[in-house]
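Enquirer: The file below is upload_28.cif, mmCIF, C-alpha atoms:
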data_upload
loop_
_atom_site.group_PDB
_atom_site.id
_atom_site.type_symbol
_atom_site.label_atom_id
_atom_site.label_comp_id
_atom_site.auth_asym_id
_atom_site.auth_seq_id
_atom_site.Cartn_x
_atom_site.Cartn_y
_atom_site.Cartn_z
ATOM 1 C CA MET I 24 34.857 -43.919 146.996
ATOM 2 C CA LYS I 25 34.844 -40.297 145.951
ATOM 3 C CA HIS I 26 38.166 -38.533 145.477
ATOM 4 C CA THR I 27 38.668 -34.781 145.533
ATOM 5 C CA ILE I 28 41.692 -34.056 143.404
ATOM 6 C CA SER I 29 43.415 -30.717 142.998
ATOM 7 C CA VAL I 30 45.448 -30.278 139.813
ATOM 8 C CA LEU I 31 47.670 -27.286 139.172
ATOM 9 C CA VAL I 32 48.080 -26.753 135.406
ATOM 10 C CA GLU I 33 49.577 -24.316 132.947
ATOM 11 C CA ASN I 34 46.764 -22.114 131.658
ATOM 12 C CA LYS I 35 47.016 -23.230 128.008
ATOM 13 C CA PHE I 36 44.398 -24.413 125.580
ATOM 14 C CA GLY I 37 43.890 -28.126 125.359
ATOM 15 C CA VAL I 38 44.980 -28.899 128.934
ATOM 16 C CA LEU I 39 41.433 -29.183 130.200
ATOM 17 C CA ALA I 40 40.431 -31.560 127.404
ATOM 18 C CA ARG I 41 43.509 -33.735 128.007
ATOM 19 C CA VAL I 42 42.938 -33.943 131.761
ATOM 20 C CA ALA I 43 39.233 -34.722 131.346
ATOM 21 C CA GLY I 44 40.091 -37.259 128.643
ATOM 22 C CA LEU I 45 42.422 -39.137 130.988
ATOM 23 C CA PHE I 46 39.566 -39.822 133.403
ATOM 24 C CA SER I 47 36.974 -40.654 130.765
ATOM 25 C CA GLY I 48 39.473 -42.902 128.974
ATOM 26 C CA ARG I 49 39.533 -45.133 132.081
ATOM 27 C CA GLY I 50 35.746 -45.041 132.413
ATOM 28 C CA PHE I 51 35.698 -42.690 135.404
ATOM 29 C CA ASN I 52 32.910 -40.146 135.388
ATOM 30 C CA ILE I 53 33.814 -36.697 136.709
ATOM 31 C CA THR I 54 31.068 -35.700 139.180
ATOM 32 C CA SER I 55 32.157 -32.107 139.375
ATOM 33 C CA LEU I 56 34.935 -29.944 138.043
ATOM 34 C CA ALA I 57 35.878 -26.378 138.845
ATOM 35 C CA VAL I 58 38.660 -24.501 137.112
ATOM 36 C CA GLY I 59 39.828 -21.036 138.044
ATOM 37 C CA GLU I 60 42.913 -18.892 137.846
ATOM 38 C CA THR I 61 45.437 -18.753 140.690
ATOM 39 C CA LYS I 62 47.445 -15.730 141.857
ATOM 40 C CA ASP I 63 49.712 -16.410 138.883
ATOM 41 C CA ASN I 64 47.475 -15.918 135.827
ATOM 42 C CA THR I 65 49.500 -18.362 133.711
ATOM 43 C CA VAL I 66 48.515 -21.131 136.135
ATOM 44 C CA SER I 67 45.042 -22.565 136.801
ATOM 45 C CA ARG I 68 43.843 -24.884 139.515
ATOM 46 C CA MET I 69 41.336 -27.618 138.668
ATOM 47 C CA THR I 70 39.367 -29.268 141.461
ATOM 48 C CA ILE I 71 37.969 -32.581 140.289
ATOM 49 C CA VAL I 72 35.563 -34.864 142.136
ATOM 50 C CA VAL I 73 35.535 -38.376 140.762
ATOM 51 C CA ASP I 74 34.284 -41.752 141.965
ATOM 52 C CA ASP I 75 36.889 -44.537 141.802
ATOM 53 C CA ARG I 76 34.102 -47.131 141.402
ATOM 54 C CA GLY I 77 35.828 -49.437 143.881
ATOM 55 C CA LYS I 78 39.097 -49.347 141.940
ATOM 56 C CA PRO I 79 41.487 -47.151 143.964
ATOM 57 C CA GLU I 80 44.478 -48.758 142.217
ATOM 58 C CA VAL I 81 43.234 -47.595 138.799
ATOM 59 C CA MET I 82 42.638 -44.119 140.229
ATOM 60 C CA GLU I 83 46.238 -44.123 141.448
ATOM 61 C CA GLN I 84 47.384 -44.949 137.918
ATOM 62 C CA VAL I 85 45.334 -42.078 136.494
ATOM 63 C CA GLU I 86 46.926 -39.716 138.995
ATOM 64 C CA LYS I 87 50.401 -40.911 137.978
ATOM 65 C CA GLN I 88 49.523 -40.345 134.318
ATOM 66 C CA LEU I 89 48.192 -36.894 135.181
ATOM 67 C CA ASN I 90 51.557 -36.049 136.730
ATOM 68 C CA LYS I 91 53.240 -36.999 133.467
ATOM 69 C CA LEU I 92 51.205 -34.595 131.302
ATOM 70 C CA VAL I 93 53.401 -31.757 130.032
ATOM 71 C CA ASP I 94 51.250 -28.914 131.334
ATOM 72 C CA VAL I 95 50.465 -30.440 134.728
ATOM 73 C CA ILE I 96 52.482 -28.884 137.547
ATOM 74 C CA LYS I 97 51.143 -30.700 140.621
ATOM 75 C CA VAL I 98 48.495 -33.266 141.520
ATOM 76 C CA GLN I 99 47.092 -33.616 145.030
ATOM 77 C CA ASP I 100 44.487 -36.147 146.134
ATOM 78 C CA PHE I 101 42.782 -34.954 149.321
ATOM 79 C CA ILE I 102 41.950 -38.523 150.290
ATOM 80 C CA ASP I 103 44.718 -38.605 152.945
ATOM 81 C CA LEU I 104 44.587 -34.967 154.012
ATOM 82 C CA PRO I 105 42.263 -32.949 156.234
ATOM 83 C CA PHE I 106 40.641 -30.338 154.019
ATOM 84 C CA ILE I 107 37.806 -27.846 153.858
ATOM 85 C CA GLU I 108 35.391 -28.114 150.955
ATOM 86 C CA ARG I 109 32.922 -25.563 149.672
ATOM 87 C CA GLU I 110 30.553 -25.260 146.752
ATOM 88 C CA LEU I 111 28.557 -22.316 145.420
ATOM 89 C CA LEU I 112 24.963 -22.621 144.323
ATOM 90 C CA LEU I 113 22.684 -20.097 142.609
ATOM 91 C CA ILE I 114 19.035 -21.077 142.808
ATOM 92 C CA LYS I 115 15.907 -19.410 141.432
ATOM 93 C CA VAL I 116 12.880 -20.312 143.554
ATOM 94 C CA LYS I 117 9.236 -19.663 142.701
ATOM 95 C CA VAL I 118 7.678 -17.302 145.209
ATOM 96 C CA THR I 119 4.133 -16.169 146.086
ATOM 97 C CA GLU I 120 2.854 -13.796 148.765
ATOM 98 C CA GLY I 121 2.093 -16.870 150.862
ATOM 99 C CA THR I 122 5.537 -18.509 150.603
ATOM 100 C CA ARG I 123 7.885 -15.510 150.646
ATOM 101 C CA GLY I 124 8.264 -15.486 154.439
ATOM 102 C CA ALA I 125 9.034 -19.195 154.684
ATOM 103 C CA ILE I 126 11.638 -18.993 151.915
ATOM 104 C CA LEU I 127 13.355 -15.992 153.493
ATOM 105 C CA SER I 128 13.465 -17.785 156.870
ATOM 106 C CA LEU I 129 15.095 -20.780 155.254
ATOM 107 C CA ALA I 130 17.602 -18.488 153.544
ATOM 108 C CA GLN I 131 18.490 -16.959 156.896
ATOM 109 C CA ILE I 132 18.967 -20.353 158.594
ATOM 110 C CA PHE I 133 21.321 -21.442 155.805
ATOM 111 C CA ARG I 134 23.057 -18.042 155.684
ATOM 112 C CA ALA I 135 22.016 -17.768 152.034
ATOM 113 C CA ARG I 136 21.917 -14.342 150.381
ATOM 114 C CA VAL I 137 19.077 -13.002 148.246
ATOM 115 C CA ILE I 138 20.749 -11.637 145.105
ATOM 116 C CA ASP I 139 17.777 -11.019 142.788
ATOM 117 C CA VAL I 140 14.071 -10.472 143.340
ATOM 118 C CA SER I 141 11.070 -10.374 141.035
ATOM 119 C CA HIS I 142 7.311 -10.645 141.661
ATOM 120 C CA HIS I 143 7.333 -14.379 141.122
ATOM 121 C CA SER I 144 10.834 -15.536 142.041
ATOM 122 C CA LEU I 145 13.882 -15.068 144.240
ATOM 123 C CA VAL I 146 17.498 -15.913 143.414
ATOM 124 C CA LEU I 147 19.521 -17.191 146.375
ATOM 125 C CA GLU I 148 23.290 -17.545 146.665
ATOM 126 C CA VAL I 149 24.309 -20.422 148.934
ATOM 127 C CA THR I 150 27.770 -21.679 149.865
ATOM 128 C CA GLY I 151 28.599 -24.746 151.880
ATOM 129 C CA THR I 152 29.602 -28.365 151.962
ATOM 130 C CA GLU I 153 27.882 -30.909 149.765
ATOM 131 C CA ASP I 154 25.624 -31.905 152.675
ATOM 132 C CA LYS I 155 24.501 -28.347 153.314
ATOM 133 C CA VAL I 156 23.802 -27.755 149.622
ATOM 134 C CA LYS I 157 21.785 -30.980 149.470
ATOM 135 C CA ALA I 158 19.809 -30.028 152.572
ATOM 136 C CA ILE I 159 18.725 -26.601 151.311
ATOM 137 C CA LEU I 160 17.877 -28.017 147.879
ATOM 138 C CA LYS I 161 15.616 -30.584 149.501
ATOM 139 C CA LEU I 162 13.865 -27.953 151.611
ATOM 140 C CA LEU I 163 13.396 -25.504 148.727
ATOM 141 C CA ALA I 164 12.113 -28.161 146.317
ATOM 142 C CA ARG I 165 8.536 -27.917 147.563
ATOM 143 C CA PHE I 166 8.327 -24.234 146.601
ATOM 144 C CA GLY I 167 9.346 -24.988 142.998
ATOM 145 C CA ILE I 168 12.910 -24.630 141.725
ATOM 146 C CA GLN I 169 12.969 -22.752 138.418
ATOM 147 C CA GLU I 170 16.682 -22.790 137.780
ATOM 148 C CA LEU I 171 19.768 -24.080 139.497
ATOM 149 C CA VAL I 172 23.500 -23.672 138.838
ATOM 150 C CA ARG I 173 26.294 -25.204 140.929
ATOM 151 C CA THR I 174 30.014 -24.573 140.679
ATOM 152 C CA GLY I 175 31.169 -27.997 141.765
ATOM 153 C CA LYS I 176 33.315 -28.394 144.840
ATOM 154 C CA ILE I 177 36.605 -26.653 145.602
ATOM 155 C CA ALA I 178 38.896 -27.652 148.453
ATOM 156 C CA ILE I 179 41.774 -26.255 150.455
ATOM 157 C CA ALA I 180 44.024 -28.109 152.943
ATOM 158 C CA ARG I 181 43.555 -27.302 156.618
ATOM 159 C CA SER I 182 46.471 -25.577 158.344
ATOM 160 C CA MET K 773 35.211 -10.348 124.031
ATOM 161 C CA LYS K 774 34.492 -12.753 126.857
ATOM 162 C CA HIS K 775 31.485 -15.055 126.540
ATOM 163 C CA THR K 776 29.762 -16.764 129.442
ATOM 164 C CA ILE K 777 28.180 -19.913 128.065
ATOM 165 C CA SER K 778 25.869 -22.254 129.910
ATOM 166 C CA VAL K 779 25.714 -25.817 128.548
ATOM 167 C CA LEU K 780 23.232 -28.400 129.794
ATOM 168 C CA VAL K 781 24.629 -31.909 129.219
ATOM 169 C CA GLU K 782 23.843 -35.530 129.984
ATOM 170 C CA ASN K 783 25.949 -36.571 132.971
ATOM 171 C CA LYS K 784 27.971 -39.236 131.108
ATOM 172 C CA PHE K 785 31.656 -39.851 130.922
ATOM 173 C CA GLY K 786 33.494 -38.278 128.018
ATOM 174 C CA VAL K 787 31.088 -35.332 127.598
ATOM 175 C CA LEU K 788 33.355 -32.931 129.429
ATOM 176 C CA ALA K 789 36.382 -33.918 127.332
ATOM 177 C CA ARG K 790 34.390 -33.548 124.091
ATOM 178 C CA VAL K 791 33.015 -30.124 125.014
ATOM 179 C CA ALA K 792 36.431 -28.860 126.161
ATOM 180 C CA GLY K 793 37.991 -30.338 123.009
ATOM 181 C CA LEU K 794 35.617 -28.379 120.768
ATOM 182 C CA PHE K 795 36.910 -25.091 122.165
ATOM 183 C CA SER K 796 40.586 -26.040 122.208
ATOM 184 C CA GLY K 797 40.291 -27.454 118.670
ATOM 185 C CA ARG K 798 39.446 -23.943 117.469
ATOM 186 C CA GLY K 799 42.231 -22.384 119.500
ATOM 187 C CA PHE K 800 39.951 -20.861 122.138
ATOM 188 C CA ASN K 801 41.287 -20.992 125.676
ATOM 189 C CA ILE K 802 38.708 -21.654 128.387
ATOM 190 C CA THR K 803 39.299 -19.061 131.133
ATOM 191 C CA SER K 804 37.078 -20.797 133.629
ATOM 192 C CA LEU K 805 34.800 -23.789 133.751
ATOM 193 C CA ALA K 806 32.430 -24.960 136.433
ATOM 194 C CA VAL K 807 30.452 -28.173 136.219
ATOM 195 C CA GLY K 808 27.861 -29.271 138.731
ATOM 196 C CA GLU K 809 24.760 -31.410 138.938
ATOM 197 C CA THR K 810 21.289 -29.973 138.383
ATOM 198 C CA LYS K 811 18.093 -30.984 140.167
ATOM 199 C CA ASP K 812 18.005 -33.969 137.802
ATOM 200 C CA ASN K 813 21.133 -35.966 138.682
ATOM 201 C CA THR K 814 21.442 -37.397 135.155
ATOM 202 C CA VAL K 815 21.971 -33.840 133.855
ATOM 203 C CA SER K 816 24.883 -31.464 134.563
ATOM 204 C CA ARG K 817 25.270 -27.798 133.808
ATOM 205 C CA MET K 818 28.623 -26.475 132.604
ATOM 206 C CA THR K 819 29.355 -22.766 132.825
ATOM 207 C CA ILE K 820 32.190 -21.844 130.510
ATOM 208 C CA VAL K 821 33.956 -18.497 130.201
ATOM 209 C CA VAL K 822 35.880 -18.149 126.982
ATOM 210 C CA ASP K 823 37.436 -15.278 125.039
ATOM 211 C CA ASP K 824 36.417 -15.132 121.356
ATOM 212 C CA ARG K 825 39.731 -13.398 120.511
ATOM 213 C CA GLY K 826 37.925 -10.957 118.237
ATOM 214 C CA LYS K 827 36.280 -13.748 116.251
ATOM 215 C CA PRO K 828 32.616 -13.807 117.334
ATOM 216 C CA GLU K 829 31.669 -15.633 114.116
ATOM 217 C CA VAL K 830 33.990 -18.551 114.965
ATOM 218 C CA MET K 831 32.533 -18.627 118.487
ATOM 219 C CA GLU K 832 29.059 -18.858 116.923
ATOM 220 C CA GLN K 833 30.215 -21.867 114.890
ATOM 221 C CA VAL K 834 31.579 -23.552 118.025
ATOM 222 C CA GLU K 835 28.223 -23.016 119.740
ATOM 223 C CA LYS K 836 26.411 -24.566 116.764
ATOM 224 C CA GLN K 837 28.742 -27.566 116.901
ATOM 225 C CA LEU K 838 28.177 -27.851 120.649
ATOM 226 C CA ASN K 839 24.444 -28.071 119.989
ATOM 227 C CA LYS K 840 25.071 -30.971 117.627
ATOM 228 C CA LEU K 841 26.938 -33.112 120.197
ATOM 229 C CA VAL K 842 24.835 -36.132 121.194
ATOM 230 C CA ASP K 843 24.918 -35.504 124.944
ATOM 231 C CA VAL K 844 24.359 -31.742 124.803
ATOM 232 C CA ILE K 845 20.810 -30.737 125.703
ATOM 233 C CA LYS K 846 20.941 -26.937 125.512
ATOM 234 C CA VAL K 847 23.482 -24.177 124.887
ATOM 235 C CA GLN K 848 22.946 -20.613 126.066
ATOM 236 C CA ASP K 849 25.322 -17.707 125.490
ATOM 237 C CA PHE K 850 24.646 -14.966 128.047
ATOM 238 C CA ILE K 851 26.046 -12.359 125.678
ATOM 239 C CA ASP K 852 22.541 -11.077 124.790
ATOM 240 C CA LEU K 853 20.869 -11.670 128.149
ATOM 241 C CA PRO K 854 20.889 -9.853 131.479
ATOM 242 C CA PHE K 855 22.387 -12.238 134.009
ATOM 243 C CA ILE K 856 23.846 -12.454 137.486
ATOM 244 C CA GLU K 857 27.317 -13.926 137.847
ATOM 245 C CA ARG K 858 29.045 -15.225 140.946
ATOM 246 C CA GLU K 859 32.270 -16.966 141.756
ATOM 247 C CA LEU K 860 33.503 -18.652 144.937
ATOM 248 C CA LEU K 861 37.003 -18.193 146.262
ATOM 249 C CA LEU K 862 38.807 -19.901 149.155
ATOM 250 C CA ILE K 863 41.928 -18.083 150.221
ATOM 251 C CA LYS K 864 44.516 -18.848 152.897
ATOM 252 C CA VAL K 865 46.165 -15.653 154.134
ATOM 253 C CA LYS K 866 49.241 -15.383 156.311
ATOM 254 C CA VAL K 867 48.394 -13.733 159.624
ATOM 255 C CA THR K 868 50.362 -12.266 162.536
ATOM 256 C CA GLU K 869 49.198 -10.583 165.750
ATOM 257 C CA GLY K 870 49.818 -7.276 164.010
ATOM 258 C CA THR K 871 47.803 -7.979 160.849
ATOM 259 C CA ARG K 872 44.883 -10.036 162.183
ATOM 260 C CA GLY K 873 42.672 -7.001 162.827
ATOM 261 C CA ALA K 874 43.219 -5.483 159.385
ATOM 262 C CA ILE K 875 42.477 -8.783 157.649
ATOM 263 C CA LEU K 876 39.285 -9.328 159.643
ATOM 264 C CA SER K 877 38.118 -5.782 158.826
ATOM 265 C CA LEU K 878 38.676 -6.415 155.129
ATOM 266 C CA ALA K 879 36.765 -9.690 155.423
ATOM 267 C CA GLN K 880 33.850 -7.853 156.980
ATOM 268 C CA ILE K 881 33.786 -5.163 154.278
ATOM 269 C CA PHE K 882 33.695 -7.833 151.558
ATOM 270 C CA ARG K 883 31.223 -9.994 153.505
ATOM 271 C CA ALA K 884 33.779 -12.792 153.460
ATOM 272 C CA ARG K 885 33.514 -15.586 156.025
ATOM 273 C CA VAL K 886 36.361 -16.969 158.119
ATOM 274 C CA ILE K 887 36.145 -20.754 157.748
ATOM 275 C CA ASP K 888 39.441 -21.924 159.262
ATOM 276 C CA VAL K 889 41.909 -20.409 161.699
ATOM 277 C CA SER K 890 45.404 -21.347 162.802
ATOM 278 C CA HIS K 891 48.144 -19.406 164.603
ATOM 279 C CA HIS K 892 49.701 -18.284 161.359
ATOM 280 C CA SER K 893 46.882 -18.232 158.816
ATOM 281 C CA LEU K 894 43.195 -17.644 158.148
ATOM 282 C CA VAL K 895 41.049 -19.218 155.442
ATOM 283 C CA LEU K 896 38.404 -16.898 153.990
ATOM 284 C CA GLU K 897 35.399 -17.819 151.859
ATOM 285 C CA VAL K 898 34.438 -15.045 149.432
ATOM 286 C CA THR K 899 31.661 -14.931 146.835
ATOM 287 C CA GLY K 900 31.061 -12.228 144.291
ATOM 288 C CA THR K 901 31.476 -10.971 140.775
ATOM 289 C CA GLU K 902 34.834 -11.131 139.027
ATOM 290 C CA ASP K 903 35.494 -7.487 139.972
ATOM 291 C CA LYS K 904 34.821 -8.091 143.654
ATOM 292 C CA VAL K 905 37.036 -11.174 143.697
ATOM 293 C CA LYS K 906 39.827 -9.231 141.979
ATOM 294 C CA ALA K 907 39.501 -6.364 144.455
ATOM 295 C CA ILE K 908 39.790 -8.494 147.584
ATOM 296 C CA LEU K 909 42.692 -10.470 146.087
ATOM 297 C CA LYS K 910 44.548 -7.242 145.430
ATOM 298 C CA LEU K 911 43.976 -5.997 148.978
ATOM 299 C CA LEU K 912 44.955 -9.293 150.633
ATOM 300 C CA ALA K 913 48.101 -9.739 148.530
ATOM 301 C CA ARG K 914 50.230 -7.558 150.813
ATOM 302 C CA PHE K 915 49.592 -9.863 153.794
ATOM 303 C CA GLY K 916 50.852 -12.903 151.882
ATOM 304 C CA ILE K 917 48.555 -15.349 150.097
ATOM 305 C CA GLN K 918 49.527 -18.934 150.928
ATOM 306 C CA GLU K 919 46.923 -20.729 148.884
ATOM 307 C CA LEU K 920 44.058 -19.821 146.622
ATOM 308 C CA VAL K 921 41.290 -21.825 144.949
ATOM 309 C CA ARG K 922 38.557 -20.398 142.700
ATOM 310 C CA THR K 923 35.516 -22.153 141.302
ATOM 311 C CA GLY K 924 35.241 -20.203 138.098
ATOM 312 C CA LYS K 925 32.118 -18.196 137.319
ATOM 313 C CA ILE K 926 28.543 -19.439 137.307
ATOM 314 C CA ALA K 927 25.625 -17.432 135.923
ATOM 315 C CA ILE K 928 21.857 -17.348 136.093
ATOM 316 C CA ALA K 929 19.482 -15.270 133.948
ATOM 317 C CA ARG K 930 17.716 -12.368 135.652
ATOM 318 C CA SER K 931 13.930 -12.684 136.003
#
Let's see the structure in the file written out as C-alpha cells.

Expert:
Amino acid sequence: MKHTISVLVENKFGVLARVAGLFSGRGFNITSLAVGETKDNTVSRMTIVVDDRGKPEVMEQVEKQLNKLVDVIKVQDFIDLPFIERELLLIKVKVTEGTRGAILSLAQIFRARVIDVSHHSLVLEVTGTEDKVKAILKLLARFGIQELVRTGKIAIARS
Amino acid sequence: MKHTISVLVENKFGVLARVAGLFSGRGFNITSLAVGETKDNTVSRMTIVVDDRGKPEVMEQVEKQLNKLVDVIKVQDFIDLPFIERELLLIKVKVTEGTRGAILSLAQIFRARVIDVSHHSLVLEVTGTEDKVKAILKLLARFGIQELVRTGKIAIARS
C-alpha cells in the first residue's frame, strides 16, 4: 500500500540525505518526494510517497525512527486522515497545424494552462491528483511528449 | 548564486539518498527538491535548487561527481539555459465572514483555485514562479495561514 507521509524538518544540510537513507536502508523505494520551505524559512516540509510493499509494520518502524532523528520536528502519515493531494506537471508536447486545436481542447478540459509556445511545441502546466495527471498524460501521448517534469505529490489535511 | 539542476536518474532505491548526500557532503544546502516519475516509469527526474555559496567551481565538481554515479543518466544545470520554472503551493487560510470576500478576490487575481472549504478556512492551490508564490504568501499572511505545503520548483527548457 502507498503511504503519503509529511515530515516537518529543520532546514539544515544533510537532513534530506538522512531521511531518504532511512527509507532506502529498509529497502523501501521512494516513489515521489517534494521538499519546500514553510512559512518559517528555517523549517521545510517533505512530502514522501512510498510503497510499504505489504509490510505496514516495517513502515511503522521507519516512521518511529524518523521521529527520533535530531532535525525531524513532526511526522504525519496520511493513511488514517482525509486529505487533499495535488501534483504539478510541466509537459512539452509536439504540435503541428493539424493537432494544435485538439491539444488546446484537451488542455481546456483538464484546466491546464499553456505557458510556452513555439512553432513545433507547446508547454502545458497541469495540476491535479495522480489520476488526473495520469489521464492527461495518456491522452497527450499520441501527439508526442518531448519533455516531462513532475513535482511529486503534496498533501494537506482536510478541515 | 542559486542553481536549478535537473537530474535524470534510474528509479531505484538509494539513488535519492546518494544524490542528496553528494550535496550535503560538500556543505551545500538543498533549498528545494522535487522528484517525480517521467514517461518511462523506470526513470525519475529530480529538480534540485541549491545555493553555490559563492563557490561555482565547487558546484561544478559536484555536478561532475553526480554524472559519475551509477544510476544517474543525465545532469543539466539551467544556469546557462533559458527555462520556465513553476512551483505548486497548497495553503490553508483562516477565513471569517468579514474576510472571505477579500481572500477570494486575491485568489482570483493570482489565478489560484479554491480546492477545499470549511466554515473557518479555505484551501487554495497556487502555481507560479518563486516571486509569485512569495507575493501571494505575503498578502495572505495577514488573514492567518494555518497550513502550507510547497512542492519545490520544477523547470523545463524553453523551446

Enquirer: Using the chain letters and numbers from this file, what does the PyMOL selection byres ((chain K and resi 782) around 7) select? Give the answer as a PyMOL selection string.

Expert: chain K and resi 781+783-784+814-816+843-844

Enquirer: Please compute the CA of Ser141 in chain I-CA of Ile168 in chain I distance, one decimal, in Å.

Expert: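 Computing the Euclidean distance for CA of Ser141 in chain I and CA of Ile168 in chain I yields 14.4 Å.
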
Enquirer: Between chain K and chain I, at 6 Å or less, what are the per-residue closest atom pairs and their distances in Å? Count only C-alpha atoms, order by chain and rising residue number, and return it as JSON lines.

Expert:
{"residue": "K:Phe785", "atom": "CA", "partner": "I:Asn52", "partner_atom": "CA", "distance": 4.6}
{"residue": "K:Gly786", "atom": "CA", "partner": "I:Ser47", "partner_atom": "CA", "distance": 5.0}
{"residue": "K:Ala789", "atom": "CA", "partner": "I:Ala40", "partner_atom": "CA", "distance": 4.7}
{"residue": "K:Ala792", "atom": "CA", "partner": "I:Ala40", "partner_atom": "CA", "distance": 5.0}
{"residue": "K:Gly793", "atom": "CA", "partner": "I:Ala40", "partner_atom": "CA", "distance": 5.2}
{"residue": "K:Ser796", "atom": "CA", "partner": "I:Gly37", "partner_atom": "CA", "distance": 5.0}
{"residue": "K:Asn801", "atom": "CA", "partner": "I:Phe36", "partner_atom": "CA", "distance": 4.6}
{"residue": "K:Ser804", "atom": "CA", "partner": "I:Gly59", "partner_atom": "CA", "distance": 5.2}
{"residue": "K:Leu805", "atom": "CA", "partner": "I:Val58", "partner_atom": "CA", "distance": 5.2}
{"residue": "K:Ala806", "atom": "CA", "partner": "I:Ala57", "partner_atom": "CA", "distance": 4.4}
{"residue": "K:Val807", "atom": "CA", "partner": "I:Leu56", "partner_atom": "CA", "distance": 5.2}
{"residue": "K:Gly808", "atom": "CA", "partner": "I:Gly175", "partner_atom": "CA", "distance": 4.7}
{"residue": "K:Arg922", "atom": "CA", "partner": "I:Gly59", "partner_atom": "CA", "distance": 4.9}
{"residue": "K:Thr923", "atom": "CA", "partner": "I:Ala57", "partner_atom": "CA", "distance": 4.9}
{"residue": "K:Gly924", "atom": "CA", "partner": "I:Gly59", "partner_atom": "CA", "distance": 4.7}

Enquirer: Could you state the separation of CA of Gly77 in chain I and CA of Lys25 in chain I in Å, given to one decimal place?

Expert: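 We find that CA of Gly77 in chain I and CA of Lys25 in chain I lie 9.4 Å from each other.
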
Enquirer: Calculate how many Å separate CA of Phe101 in chain I from CA of Thr27 in chain I, rounding to one decimal.

Expert: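 Result for CA of Phe101 in chain I versus CA of Thr27 in chain I: 5.6 Å, one decimal.
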